[in-house]
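First the structure, in the form of structure tokens, and then the observations on it.
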Amino acid sequence: MSFEYTDTQQEIREAVRRLCADFGPDYWRDCDHRGDYPEAFVNAMTEAGWLAALIPEEYGGSGLGVLDGCLILQEINRSGGNGASCHAQMYTMASILNHGSEEQKRKYLPRIADGSLRLQAFGVTEPDAGSNTLNIKTFAKRTDEGFVINGQKIWTSRYFQSHLYLLVARTTPLSEVKRKTDGLSLFLVDIAKAGNSLQATPIETMLNHHTNQVFIDNLHVTADDLIGEEGKGFYYLVDSLNSERLLVSSESIGDGQWFVNSASAYASERNVFDRPIGANQGVQFPIARAHMNITAAELMRNNAAMLLDAGKPCAQETLMTKYLATEASWEAAEACMTTFGGYGVATEYHVERKWKEARLFRTAPISNNLVLAQVAQHGLGMPRSY
């Protein structure tokens with residue numbers, strides 16, 4: 001097994017790095033300060049074709065593998081940017097690609113690839129269900145014309161930056177299904193067409209993440225808006241989670257590399273008591289330990305991505321990658337913040353912005369405590385704890 005990136009993958013990394021150089025840390029700080037969506041950056045990524053990397057060539061994409069997509073997002077964050085602003089454009093389309101009809105693929109994927117359609121909004125989580133997706137209450141009632149959907153979603157990011165909304169709803173009540181995983185369905189909703197049936201309200205958070213709660217009131221959709229078979233939506237979601245977790249993990253790995261590089265450079269330049277603070281092992285060791293853990297997480301990510309690209313089972317590997325990458329990134333964030341001292345909370349040094357991003361990924365899109373519980377139960381065969 002080779003642990004080296006291919007020449008093509010190295011070229012991808014270098015090309016993304018060059019693009020990101022036009023959007024330096026000050027650009028991201030200004031977007032963060034104003035609460036602006038990084039429109040110019042997302043447009044540049046779209047025009048360069050990077051957000052269509054995982055869409056097959058026959059539908060207008062590049063047909064690259066998941067590992068290639070991981071490297072794209074890793075380089076964004078390693079350069080000081082935030083791939084979360086556009087990462088859903090890369091993985092949310094997987095539900096259409098893997099489970100949509102040929103008509104749906106022809107209708108949507110080429111326009112998602114060229115950026116004329118944005119599919120970044122994903123409605124799963126609900127206030128009373130949290131991580132227990134099987135317990136959602138949003139319900140789609142079948143009618144002669146299709147379905148009428150009512151309910152509420154929370155933590156729907158980039159709703160106002162999307163044209164399409166991927167929505168999960170129950171089509172069979174939980175009390176009436178044989179298995180709890182049955183009875184969920186997946187719908188692709190045209191936001192403009194939905195009109196007042198969708199009402200989104202921004203959620204103010206400590207970082208510039210553009211997330212919302214969405215109220216769904218008598219939303220009429222047709223059978224053509226249903227992805228795959230009715231009642232199989234949960235299995236479609238699970239099928240997409242592996243790629244989502246690896247892509248998000250890659251952003252954490254990129255963040256970790258940014259923290260390590262920033263802390264190392266600052267520790268070498270900052271002089272206190274007539275010598276660089278990096279000469280002190282109390283400063284060196286946390287940064288070195290973070291570097292080792294980030295490197296190990298990257299290797300774990302590469303292994304999981306290769307399994308996924310080869311079509312092999314990898315659920316445990318993607319879960320473990322998510323945990324290891326986000327924990328290593330947080331360790332690096334803490335080391336970087338400590339190295340910078342008081343300057344770490346000053347926005348001009350960019351550490352506080354990246355520090356907040358790193359903390360979020362320990363919670364989303366799946367909390368690390370839930371990852372531990374799933375690995376314990378499904379990977380080790382231990383009793384259910386949740």
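As shown in the structure tokens, the chain order sets the letters A, B, ...; within each chain, residues go from 1, and ligands are also counted from 1 in the order they appear.
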
Practice problem: Do a neighbour search on A:Gly61 at 7 Å with only C-alpha atoms, toss out local chain neighbours closer than 6 positions, and write the hits as a list of chain:residue names. | Solution: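 The neighbour list is A:Ala52, A:Ala53, A:Leu54, A:Ile55, A:Ala113.
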
Restricted to N, CA and C atoms, what would the selected residues look like written as a PDB file, in the first residue's frame?
ATOM      1  N   ALA A  52     -17.501  20.666  -8.235  1.00  0.00           N
ATOM      2  CA  ALA A  52     -18.105  19.598  -9.035  1.00  0.00           C
ATOM      3  C   ALA A  52     -17.184  18.392  -9.136  1.00  0.00           C
ATOM      4  N   ALA A  53     -16.198  18.331  -8.251  1.00  0.00           N
ATOM      5  CA  ALA A  53     -15.169  17.295  -8.349  1.00  0.00           C
ATOM      6  C   ALA A  53     -15.739  15.888  -8.287  1.00  0.00           C
ATOM      7  N   LEU A  54     -16.774  15.672  -7.465  1.00  0.00           N
ATOM      8  CA  LEU A  54     -17.292  14.322  -7.251  1.00  0.00           C
ATOM      9  C   LEU A  54     -18.447  13.961  -8.181  1.00  0.00           C
ATOM     10  N   ILE A  55     -18.861  14.886  -9.024  1.00  0.00           N
ATOM     11  CA  ILE A  55     -19.921  14.607  -9.992  1.00  0.00           C
ATOM     12  C   ILE A  55     -19.301  13.959 -11.235  1.00  0.00           C
ATOM     13  N   ALA A 113     -23.250  21.156 -11.066  1.00  0.00           N
ATOM     14  CA  ALA A 113     -21.834  21.152 -11.444  1.00  0.00           C
ATOM     15  C   ALA A 113     -21.377  22.526 -11.923  1.00  0.00           C
TER      16      ALA A 113
END

Exercise. May I have all residues of stretch 41-216 of chain A that DSSP, computed from the backbone, assigns to helix (DSSP H, G or I), given as a PyMOL selection string?
Key: chain A and resi 41-47+50-52+57-59+66-78+83-85+88-91+94-99+102-114+133-135+159-161+174-176+191-197

Could you save those same residues with C-alpha atoms as a CSV table (one decimal), in the first residue's frame?
chain,number,residue,atom,x,y,z
A,41,PHE,CA,-14.6,32.6,-3.0
A,42,VAL,CA,-17.5,30.2,-3.6
A,43,ASN,CA,-17.9,31.6,-7.1
A,44,ALA,CA,-14.2,31.2,-7.8
A,45,MET,CA,-14.3,27.6,-6.5
A,46,THR,CA,-17.3,26.9,-8.7
A,47,GLU,CA,-15.7,28.4,-11.8
A,50,TRP,CA,-13.6,22.2,-7.7
A,51,LEU,CA,-17.1,22.0,-6.2
A,52,ALA,CA,-18.1,19.6,-9.0
A,57,GLU,CA,-18.1,13.6,-16.2
A,58,GLU,CA,-21.2,12.6,-18.0
A,59,TYR,CA,-23.1,15.0,-15.8
A,66,VAL,CA,-13.7,11.0,-2.5
A,67,LEU,CA,-10.0,11.3,-1.5
A,68,ASP,CA,-9.5,13.9,-4.1
A,69,GLY,CA,-12.5,15.8,-2.8
A,70,CYS,CA,-11.0,15.5,0.7
A,71,LEU,CA,-7.8,17.1,-0.4
A,72,ILE,CA,-9.6,20.0,-2.0
A,73,LEU,CA,-11.3,20.9,1.3
A,74,GLN,CA,-8.2,20.2,3.4
A,75,GLU,CA,-6.2,22.7,1.3
A,76,ILE,CA,-8.9,25.4,1.8
A,77,ASN,CA,-8.7,25.2,5.6
A,78,ARG,CA,-4.9,24.7,5.6
A,83,GLY,CA,-14.5,25.0,3.4
A,84,ALA,CA,-17.7,24.7,5.3
A,85,SER,CA,-19.0,27.6,3.3
A,88,ALA,CA,-22.3,20.7,1.1
A,89,GLN,CA,-22.3,21.5,-2.6
A,90,MET,CA,-19.8,18.6,-2.9
A,91,TYR,CA,-21.6,15.9,-0.8
A,94,ALA,CA,-24.8,12.3,-3.5
A,95,SER,CA,-28.4,11.5,-2.7
A,96,ILE,CA,-29.4,12.4,-6.3
A,97,LEU,CA,-26.3,10.7,-7.8
A,98,ASN,CA,-26.7,7.5,-5.9
A,99,HIS,CA,-30.5,7.2,-5.6
A,102,GLU,CA,-32.0,9.2,-14.4
A,103,GLU,CA,-34.4,12.1,-15.2
A,104,GLN,CA,-33.4,13.8,-11.9
A,105,LYS,CA,-29.7,13.3,-12.5
A,106,ARG,CA,-30.0,14.8,-16.0
A,107,LYS,CA,-32.1,17.7,-14.7
A,108,TYR,CA,-30.1,18.7,-11.6
A,109,LEU,CA,-26.5,17.4,-11.7
A,110,PRO,CA,-25.2,19.4,-14.7
A,111,ARG,CA,-26.6,22.6,-13.2
A,112,ILE,CA,-25.2,21.8,-9.7
A,113,ALA,CA,-21.8,21.2,-11.4
A,114,ASP,CA,-21.8,24.5,-13.2
A,133,THR,CA,-33.1,11.2,13.2
A,134,LEU,CA,-35.5,8.3,13.5
A,135,ASN,CA,-37.6,10.4,15.9
A,159,TYR,CA,-30.6,27.9,3.3
A,160,PHE,CA,-30.5,31.5,1.9
A,161,GLN,CA,-27.5,30.6,-0.3
A,174,LEU,CA,-43.0,5.8,13.6
A,175,SER,CA,-45.7,3.8,15.5
A,176,GLU,CA,-46.7,2.0,12.3
A,191,ILE,CA,-37.0,26.8,-2.5
A,192,ALA,CA,-38.4,29.6,-4.8
A,193,LYS,CA,-41.3,27.4,-5.9
A,194,ALA,CA,-42.1,26.6,-2.3
A,195,GLY,CA,-42.8,30.2,-1.6
A,196,ASN,CA,-44.3,31.0,1.8
A,197,SER,CA,-44.6,27.3,2.7

Exercise. As a PyMOL selection string, please: all residues of stretch 28-156 of chain A that backbone DSSP puts in strand (DSSP E).
Key: chain A and resi 121-123+139-142+146-156

For those residues, write all heavy atoms to a file as a compact mmCIF listing (two decimals), in the first residue's frame.
# COMPACT_ATOMS: atom_id res chain seq x y z
N ALA A 121 -28.40 23.35 1.17
CA ALA A 121 -29.28 23.29 2.34
C ALA A 121 -29.80 21.87 2.54
O ALA A 121 -30.32 21.25 1.61
CB ALA A 121 -30.45 24.26 2.17
N PHE A 122 -29.66 21.39 3.77
CA PHE A 122 -30.00 20.00 4.08
C PHE A 122 -30.84 20.01 5.36
O PHE A 122 -30.35 20.38 6.43
CB PHE A 122 -28.71 19.22 4.28
CG PHE A 122 -28.84 17.73 4.26
CD1 PHE A 122 -30.03 17.11 3.93
CD2 PHE A 122 -27.75 16.93 4.58
CE1 PHE A 122 -30.14 15.73 3.90
CE2 PHE A 122 -27.84 15.55 4.57
CZ PHE A 122 -29.04 14.95 4.23
N GLY A 123 -32.11 19.62 5.28
CA GLY A 123 -33.02 19.65 6.41
C GLY A 123 -33.17 18.28 7.06
O GLY A 123 -33.96 17.45 6.57
N PHE A 139 -43.68 15.61 8.78
CA PHE A 139 -44.44 14.53 8.14
C PHE A 139 -44.89 14.94 6.74
O PHE A 139 -45.34 16.07 6.51
CB PHE A 139 -45.67 14.17 8.98
CG PHE A 139 -46.29 12.87 8.58
CD1 PHE A 139 -45.78 11.66 9.03
CD2 PHE A 139 -47.40 12.83 7.74
CE1 PHE A 139 -46.34 10.44 8.66
CE2 PHE A 139 -47.98 11.63 7.35
CZ PHE A 139 -47.45 10.43 7.81
N ALA A 140 -44.75 14.01 5.81
CA ALA A 140 -45.20 14.20 4.43
C ALA A 140 -46.41 13.31 4.19
O ALA A 140 -46.28 12.08 4.15
CB ALA A 140 -44.08 13.88 3.45
N LYS A 141 -47.56 13.92 4.05
CA LYS A 141 -48.80 13.17 3.83
C LYS A 141 -49.07 13.03 2.34
O LYS A 141 -49.06 14.01 1.60
CB LYS A 141 -49.97 13.90 4.50
CG LYS A 141 -51.30 13.18 4.37
CD LYS A 141 -52.41 13.95 5.07
CE LYS A 141 -53.76 13.24 4.94
NZ LYS A 141 -54.85 13.99 5.62
N ARG A 142 -49.31 11.79 1.91
CA ARG A 142 -49.54 11.54 0.49
C ARG A 142 -50.89 12.09 0.06
O ARG A 142 -51.89 11.98 0.78
CB ARG A 142 -49.45 10.05 0.18
CG ARG A 142 -49.68 9.72 -1.28
CD ARG A 142 -49.36 8.29 -1.61
NE ARG A 142 -47.93 8.06 -1.84
CZ ARG A 142 -47.31 8.39 -2.97
NH1 ARG A 142 -47.98 8.99 -3.94
NH2 ARG A 142 -46.03 8.13 -3.13
N GLY A 146 -49.26 14.34 -4.92
CA GLY A 146 -47.92 14.10 -4.41
C GLY A 146 -47.91 13.99 -2.91
O GLY A 146 -48.44 13.04 -2.34
N PHE A 147 -47.36 15.03 -2.23
CA PHE A 147 -47.28 15.04 -0.78
C PHE A 147 -47.48 16.46 -0.26
O PHE A 147 -47.16 17.44 -0.95
CB PHE A 147 -45.90 14.55 -0.31
CG PHE A 147 -45.55 13.14 -0.70
CD1 PHE A 147 -45.00 12.88 -1.95
CD2 PHE A 147 -45.78 12.08 0.16
CE1 PHE A 147 -44.67 11.59 -2.33
CE2 PHE A 147 -45.46 10.78 -0.21
CZ PHE A 147 -44.90 10.54 -1.45
N VAL A 148 -47.99 16.55 0.96
CA VAL A 148 -48.04 17.81 1.69
C VAL A 148 -47.21 17.63 2.95
O VAL A 148 -47.46 16.72 3.74
CB VAL A 148 -49.49 18.21 2.05
CG1 VAL A 148 -49.48 19.50 2.88
CG2 VAL A 148 -50.31 18.41 0.79
N ILE A 149 -46.24 18.51 3.14
CA ILE A 149 -45.27 18.36 4.23
C ILE A 149 -45.46 19.47 5.26
O ILE A 149 -45.60 20.65 4.91
CB ILE A 149 -43.82 18.40 3.69
CG1 ILE A 149 -43.64 17.37 2.56
CG2 ILE A 149 -42.83 18.14 4.81
CD1 ILE A 149 -42.28 17.42 1.91
N ASN A 150 -45.44 19.07 6.53
CA ASN A 150 -45.50 20.02 7.64
C ASN A 150 -44.48 19.62 8.69
O ASN A 150 -44.26 18.43 8.95
CB ASN A 150 -46.90 20.03 8.28
CG ASN A 150 -47.93 20.75 7.43
OD1 ASN A 150 -48.02 21.97 7.43
ND2 ASN A 150 -48.69 19.97 6.65
N GLY A 151 -43.86 20.62 9.30
CA GLY A 151 -42.89 20.33 10.35
C GLY A 151 -41.92 21.48 10.57
O GLY A 151 -42.18 22.63 10.17
N GLN A 152 -40.81 21.17 11.18
CA GLN A 152 -39.80 22.18 11.50
C GLN A 152 -38.41 21.54 11.50
O GLN A 152 -38.23 20.42 11.96
CB GLN A 152 -40.07 22.80 12.87
CG GLN A 152 -39.05 23.85 13.30
CD GLN A 152 -39.28 24.34 14.72
OE1 GLN A 152 -40.22 23.93 15.39
NE2 GLN A 152 -38.41 25.22 15.19
N LYS A 153 -37.44 22.27 10.97
CA LYS A 153 -36.05 21.83 10.99
C LYS A 153 -35.20 22.91 11.66
O LYS A 153 -35.56 24.08 11.69
CB LYS A 153 -35.54 21.60 9.56
CG LYS A 153 -36.27 20.49 8.80
CD LYS A 153 -36.04 19.12 9.41
CE LYS A 153 -36.78 18.04 8.64
NZ LYS A 153 -36.57 16.69 9.22
N ILE A 154 -34.08 22.47 12.20
CA ILE A 154 -33.15 23.40 12.84
C ILE A 154 -31.74 23.06 12.39
O ILE A 154 -31.46 21.95 11.94
CB ILE A 154 -33.29 23.34 14.38
CG1 ILE A 154 -32.68 24.58 15.03
CG2 ILE A 154 -32.68 22.05 14.93
CD1 ILE A 154 -33.03 24.73 16.49
N TRP A 155 -30.86 24.05 12.48
CA TRP A 155 -29.47 23.90 12.04
C TRP A 155 -29.39 23.57 10.55
O TRP A 155 -28.58 22.75 10.11
CB TRP A 155 -28.71 22.85 12.86
CG TRP A 155 -28.76 23.06 14.34
CD1 TRP A 155 -29.23 22.19 15.28
CD2 TRP A 155 -28.35 24.23 15.07
NE1 TRP A 155 -29.13 22.73 16.54
CE2 TRP A 155 -28.59 23.99 16.43
CE3 TRP A 155 -27.80 25.47 14.70
CZ2 TRP A 155 -28.30 24.93 17.43
CZ3 TRP A 155 -27.51 26.39 15.68
CH2 TRP A 155 -27.76 26.11 17.04
N THR A 156 -30.25 24.20 9.77
CA THR A 156 -30.16 24.09 8.31
C THR A 156 -29.24 25.20 7.83
O THR A 156 -29.63 26.37 7.77
CB THR A 156 -31.54 24.23 7.65
OG1 THR A 156 -32.37 23.12 8.02
CG2 THR A 156 -31.41 24.26 6.14

Quiz prompt | Spatial neighbours of A:Thr347, max dist 10 Å, only C-alpha atoms, sep filter under 4 positions, as a list of chain:residue names | solution =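 Everything that qualifies: A:Asp26, A:Arg29, A:Asp30, A:Asp32, A:His33, A:Tyr343, A:Val351, A:Glu352, A:Arg353.
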
Next, the residues of the selection above should be written as a PDB file, in the first residue's frame with all heavy atoms.
ATOM      1  N   ASP A  26      -7.234  37.754   5.711  1.00  0.00           N
ATOM      2  CA  ASP A  26      -7.948  39.019   5.901  1.00  0.00           C
ATOM      3  C   ASP A  26      -9.321  38.988   5.227  1.00  0.00           C
ATOM      4  O   ASP A  26     -10.283  39.575   5.738  1.00  0.00           O
ATOM      5  CB  ASP A  26      -7.134  40.184   5.343  1.00  0.00           C
ATOM      6  CG  ASP A  26      -5.916  40.496   6.198  1.00  0.00           C
ATOM      7  OD1 ASP A  26      -5.847  39.973   7.328  1.00  0.00           O
ATOM      8  OD2 ASP A  26      -5.043  41.252   5.730  1.00  0.00           O
ATOM      9  N   ARG A  29     -11.510  37.079   7.586  1.00  0.00           N
ATOM     10  CA  ARG A  29     -11.788  37.869   8.784  1.00  0.00           C
ATOM     11  C   ARG A  29     -12.842  38.929   8.490  1.00  0.00           C
ATOM     12  O   ARG A  29     -13.749  39.158   9.294  1.00  0.00           O
ATOM     13  CB  ARG A  29     -10.502  38.537   9.279  1.00  0.00           C
ATOM     14  CG  ARG A  29     -10.703  39.381  10.549  1.00  0.00           C
ATOM     15  CD  ARG A  29      -9.445  40.151  10.898  1.00  0.00           C
ATOM     16  NE  ARG A  29      -9.081  41.076   9.818  1.00  0.00           N
ATOM     17  CZ  ARG A  29      -7.878  41.595   9.666  1.00  0.00           C
ATOM     18  NH1 ARG A  29      -6.906  41.282  10.506  1.00  0.00           N
ATOM     19  NH2 ARG A  29      -7.628  42.430   8.664  1.00  0.00           N
ATOM     20  N   ASP A  30     -12.749  39.555   7.313  1.00  0.00           N
ATOM     21  CA  ASP A  30     -13.724  40.590   6.962  1.00  0.00           C
ATOM     22  C   ASP A  30     -15.113  39.983   6.776  1.00  0.00           C
ATOM     23  O   ASP A  30     -16.120  40.581   7.194  1.00  0.00           O
ATOM     24  CB  ASP A  30     -13.287  41.316   5.688  1.00  0.00           C
ATOM     25  CG  ASP A  30     -12.042  42.165   5.910  1.00  0.00           C
ATOM     26  OD1 ASP A  30     -11.705  42.430   7.083  1.00  0.00           O
ATOM     27  OD2 ASP A  30     -11.390  42.534   4.908  1.00  0.00           O
ATOM     28  N   ASP A  32     -16.196  37.336   8.234  1.00  0.00           N
ATOM     29  CA  ASP A  32     -16.617  36.977   9.582  1.00  0.00           C
ATOM     30  C   ASP A  32     -17.114  38.204  10.339  1.00  0.00           C
ATOM     31  O   ASP A  32     -18.155  38.155  11.024  1.00  0.00           O
ATOM     32  CB  ASP A  32     -15.438  36.336  10.317  1.00  0.00           C
ATOM     33  CG  ASP A  32     -15.866  35.560  11.551  1.00  0.00           C
ATOM     34  OD1 ASP A  32     -16.734  34.688  11.421  1.00  0.00           O
ATOM     35  OD2 ASP A  32     -15.321  35.823  12.635  1.00  0.00           O
ATOM     36  N   HIS A  33     -16.398  39.313  10.218  1.00  0.00           N
ATOM     37  CA  HIS A  33     -16.755  40.541  10.935  1.00  0.00           C
ATOM     38  C   HIS A  33     -18.105  41.081  10.477  1.00  0.00           C
ATOM     39  O   HIS A  33     -18.925  41.521  11.294  1.00  0.00           O
ATOM     40  CB  HIS A  33     -15.661  41.598  10.730  1.00  0.00           C
ATOM     41  CG  HIS A  33     -15.964  42.907  11.373  1.00  0.00           C
ATOM     42  ND1 HIS A  33     -15.928  43.084  12.743  1.00  0.00           N
ATOM     43  CD2 HIS A  33     -16.311  44.119  10.838  1.00  0.00           C
ATOM     44  CE1 HIS A  33     -16.248  44.333  13.028  1.00  0.00           C
ATOM     45  NE2 HIS A  33     -16.479  44.975  11.895  1.00  0.00           N
ATOM     46  N   TYR A 343      -2.568  37.530  22.297  1.00  0.00           N
ATOM     47  CA  TYR A 343      -2.774  37.851  20.888  1.00  0.00           C
ATOM     48  C   TYR A 343      -3.686  36.828  20.193  1.00  0.00           C
ATOM     49  O   TYR A 343      -4.215  37.095  19.113  1.00  0.00           O
ATOM     50  CB  TYR A 343      -1.434  37.913  20.158  1.00  0.00           C
ATOM     51  CG  TYR A 343      -0.604  39.119  20.539  1.00  0.00           C
ATOM     52  CD1 TYR A 343       0.596  38.968  21.230  1.00  0.00           C
ATOM     53  CD2 TYR A 343      -1.015  40.403  20.211  1.00  0.00           C
ATOM     54  CE1 TYR A 343       1.363  40.065  21.602  1.00  0.00           C
ATOM     55  CE2 TYR A 343      -0.257  41.515  20.574  1.00  0.00           C
ATOM     56  CZ  TYR A 343       0.926  41.332  21.268  1.00  0.00           C
ATOM     57  OH  TYR A 343       1.672  42.428  21.622  1.00  0.00           O
ATOM     58  N   VAL A 351      -6.419  33.607  14.842  1.00  0.00           N
ATOM     59  CA  VAL A 351      -6.476  32.373  15.614  1.00  0.00           C
ATOM     60  C   VAL A 351      -7.864  32.145  16.200  1.00  0.00           C
ATOM     61  O   VAL A 351      -8.401  31.028  16.153  1.00  0.00           O
ATOM     62  CB  VAL A 351      -5.422  32.386  16.745  1.00  0.00           C
ATOM     63  CG1 VAL A 351      -5.543  31.138  17.622  1.00  0.00           C
ATOM     64  CG2 VAL A 351      -4.015  32.482  16.152  1.00  0.00           C
ATOM     65  N   GLU A 352      -8.477  33.198  16.742  1.00  0.00           N
ATOM     66  CA  GLU A 352      -9.778  33.029  17.399  1.00  0.00           C
ATOM     67  C   GLU A 352     -10.849  32.566  16.423  1.00  0.00           C
ATOM     68  O   GLU A 352     -11.723  31.770  16.783  1.00  0.00           O
ATOM     69  CB  GLU A 352     -10.196  34.325  18.112  1.00  0.00           C
ATOM     70  CG  GLU A 352     -10.220  35.589  17.241  1.00  0.00           C
ATOM     71  CD  GLU A 352     -11.497  35.746  16.452  1.00  0.00           C
ATOM     72  OE1 GLU A 352     -12.566  35.326  16.952  1.00  0.00           O
ATOM     73  OE2 GLU A 352     -11.436  36.286  15.328  1.00  0.00           O
ATOM     74  N   ARG A 353     -10.790  33.021  15.187  1.00  0.00           N
ATOM     75  CA  ARG A 353     -11.773  32.586  14.177  1.00  0.00           C
ATOM     76  C   ARG A 353     -11.618  31.103  13.886  1.00  0.00           C
ATOM     77  O   ARG A 353     -12.598  30.346  13.879  1.00  0.00           O
ATOM     78  CB  ARG A 353     -11.595  33.412  12.902  1.00  0.00           C
ATOM     79  CG  ARG A 353     -12.423  32.920  11.718  1.00  0.00           C
ATOM     80  CD  ARG A 353     -12.275  33.837  10.515  1.00  0.00           C
ATOM     81  NE  ARG A 353     -10.901  33.987  10.082  1.00  0.00           N
ATOM     82  CZ  ARG A 353     -10.277  33.133   9.264  1.00  0.00           C
ATOM     83  NH1 ARG A 353     -10.909  32.052   8.814  1.00  0.00           N
ATOM     84  NH2 ARG A 353      -9.027  33.343   8.890  1.00  0.00           N
TER      85      ARG A 353
END

Self-check item: One-decimal distance in Å that lies between atom CA of A:Asp225 and atom CA of A:Glu145
Solution: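 It comes out at 11.3 Å.
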
Exercise. Would you mind telling me which residue in A:Gly63, A:His209, A:Glu244, A:Gly100 lies nearest to A:Pro38 when using only C-alpha atoms?
Key: A:His209

Exercise. Please provide the set of residues having any atom within 12 Å of A:Lys180, restricted to only C-alpha atoms, with same-chain residues fewer than 2 positions apart removed, written as number ranges by chain.
Key: A: 132-136, 170, 172-178, 182-184, 231-235

Quiz item: Hey, what's within 9 Å of stretch 245-257 of chain A if we count only C-alpha atoms and toss same-chain stuff fewer than 5 positions away? As a VMD selection string, please?
Solution: chain A and resid 66 to 67 69 to 84 87 90 to 91 240 262 290 to 291 294 to 295 297 to 298 301 304 to 305 318 to 319 321 to 333 354 to 355 357 to 358 361 364 to 366

Quiz prompt | Selected residue of minimal separation from A:His378 among A:Ser116, A:Gln199, A:Gln316, A:Thr339, counting only C-alpha atoms | solution =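 Answer, going by the shortest atom-to-atom distance: A:Gln316.
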